[in-house]
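**Student:** Structure in structure tokens, see below.
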Amino acid sequence: MREIKIDSVTKTVAHLFEHSCYYLPEDVLTALKKAREEEESSVCRNVFDRMLEDAEIAGREQIPLCQDTGLAIVWLELGQEVHVTGGDLYAAVNEGVRRGYANGYLRKSVVRQPFSARVNTKDNTPADIWTEVVPGDKLKITVMPKGGGSENMSRLSVLTPAMGRQGIIDYVVNRVDESGSNPCPPVIVGVGIGGTTEKTMMLAKRALLRKVGQPNPDSEVAELEKEILWRVNNLGIGAMGYGGRITALAVHAEVFPCHIASLPVAVCLMCWCDRHREATL
């Protein structure tokens with residue numbers, strides 16, 4: 001049994017959130033540059049230039065890429081041969097969020113009671129934490145600061161099985177179309193298919209962590225992603241809604257078996273500022 005001290009969890013979470021809000025991952029930068037070259041609209045090419053300029057300034061000056069530094073989402077992949085010592089694991093994660101948002105001068109966007117007073121917690125806690133027990137003696141921590149503009153466009157539906165593949169495509173494309181400029185396109189479209197309602201929503205969100213444009217290893221699912229992306233990029237929404245050709249950088253779909261009477265489908269959109277980081281202890 002390998003021991004991991006709780007303090008290292010807190011320090012790692014704090015570091016990951018600071019850096020995820022300052023630096024875009026290389027795959028995202030590459031996708032934005034590629035989209036800029038493929039874009040036919042001069043107005044939208046200028047938008048892409050401003051996005052790339054923003055990323056350069058944020059990294060150089062260590063300031064947030066976006067004023068909305070999101071709700072803190074944390075995935076823990078906990079090796080079954082790991083023993084976390086010295087305290088409560090979730091408390092350590094939340095302390096890391098608290099420190100990261102304070103030390104990084106990141107906006108605190110969490111309200112305690114969603115439907116009444118909506119008083120800010122003032123430290124961006126509690127985090128939205130998801131844990132999976134996996135083989136091995138490591139602890140992998142992945143963070144995602146999820147902004148409200150794109151998160152508000154998330155949707156879930158349970159289609160009838162008879163709607164099938166075409167029903168899934170139509171549902172996802174319509175969701176992007178209805179979202180318009182709200183999620184700050186070009187977006188990454190996370191799609192969850194199957195499982196139960198809560199499972200398919202998590203599939204959609206986890207899909208956003210995949211390297212931008214990397215197809216699903218299942219060829220049938222990869223072909224579905226390709227077709228949805230083609231249709232989305234023919235909607236005419238474009239970067240920040242200015243009517244260009246590139247509305248999405250990628251479509252990432254994840255699939256899980258489901259009940260014979262169900263066809264759950266979830267859509268989770270990520271803005272162009274696709275922020276996430278991971279570390280393994």
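Chain labels A, B, ... are given in the sequence in which chains occur in the structure tokens; within each chain residues are numbered consecutively from 1, and ligands are likewise numbered from 1 in the order shown.
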Residues of range 11-47 of chain A that have any atom at most 7 Å from an atom of range 200-223 of chain A: could you tabulate them with the shortest-distance atom pair and the distance in Å to one decimal, using only C-alpha atoms, ordered by chain and increasing number, as a Markdown table?

**Tutor:**
```
| residue | atom | partner | partner_atom | distance |
| --- | --- | --- | --- | --- |
| A:Asp27 | CA | A:Val212 | CA | 5.9 |
| A:Val28 | CA | A:Val212 | CA | 6.2 |
| A:Ala31 | CA | A:Val212 | CA | 6.9 |
```

**Student:** What does the file look like for those residues with N, CA and C atoms, as a CSV table (one decimal), in the first residue's frame?

**Tutor:**
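The file below, part_38.csv, is the result:
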```csv
chain,number,residue,atom,x,y,z
A,27,ASP,N,-3.0,21.5,-27.2
A,27,ASP,CA,-3.9,21.0,-28.3
A,27,ASP,C,-5.0,22.0,-28.6
A,28,VAL,N,-5.4,22.8,-27.6
A,28,VAL,CA,-6.4,23.8,-27.8
A,28,VAL,C,-5.8,24.9,-28.7
A,31,ALA,N,-5.6,23.8,-32.2
A,31,ALA,CA,-6.9,23.7,-32.9
A,31,ALA,C,-7.4,25.1,-33.3
```

**Student:** Could you pull the residues within 10 Å of Leu269 in chain A, counting only C-alpha atoms, minus those fewer than 6 positions along the same chain, as number ranges by chain?

**Tutor:** A: 146, 149-155, 175-176, 179, 183-191, 204-205, 208, 248, 251

**Student:** Which residue out of A:Gln166, A:Asn182, A:Gln62, A:Thr160 has the minimum interatomic distance to Pro264 in chain A when only C-alpha atoms are used?

**Tutor:**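 Smallest distance to Pro264 in chain A is found for A:Thr160.
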
**Student:** Could you tell me how far CA of Ala239 in chain A lies from CA of Ser109 in chain A, in Å and to one decimal?

**Tutor:** 25.2 Å

**Student:** Report the distance between CA of Trp130 in chain A and CA of Ser262 in chain A in Å, rounded to one decimal place.

**Tutor:**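 These two atoms are separated by 24.7 Å.
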
**Student:** If you measure from CA of Gly148 in chain A to CA of Phe256 in chain A, what distance in Å do you get, rounded to one decimal?

**Tutor:** 26.8 Å

**Student:** Identify, on the basis of only C-alpha atoms, every residue whose closest approach to Gly100 in chain A does not exceed 6 Å; exclude the query and any residue fewer than 6 positions from it along the same chain; express the result as JSON, numbers by chain.

**Tutor:** {"A": [14, 17, 18]}
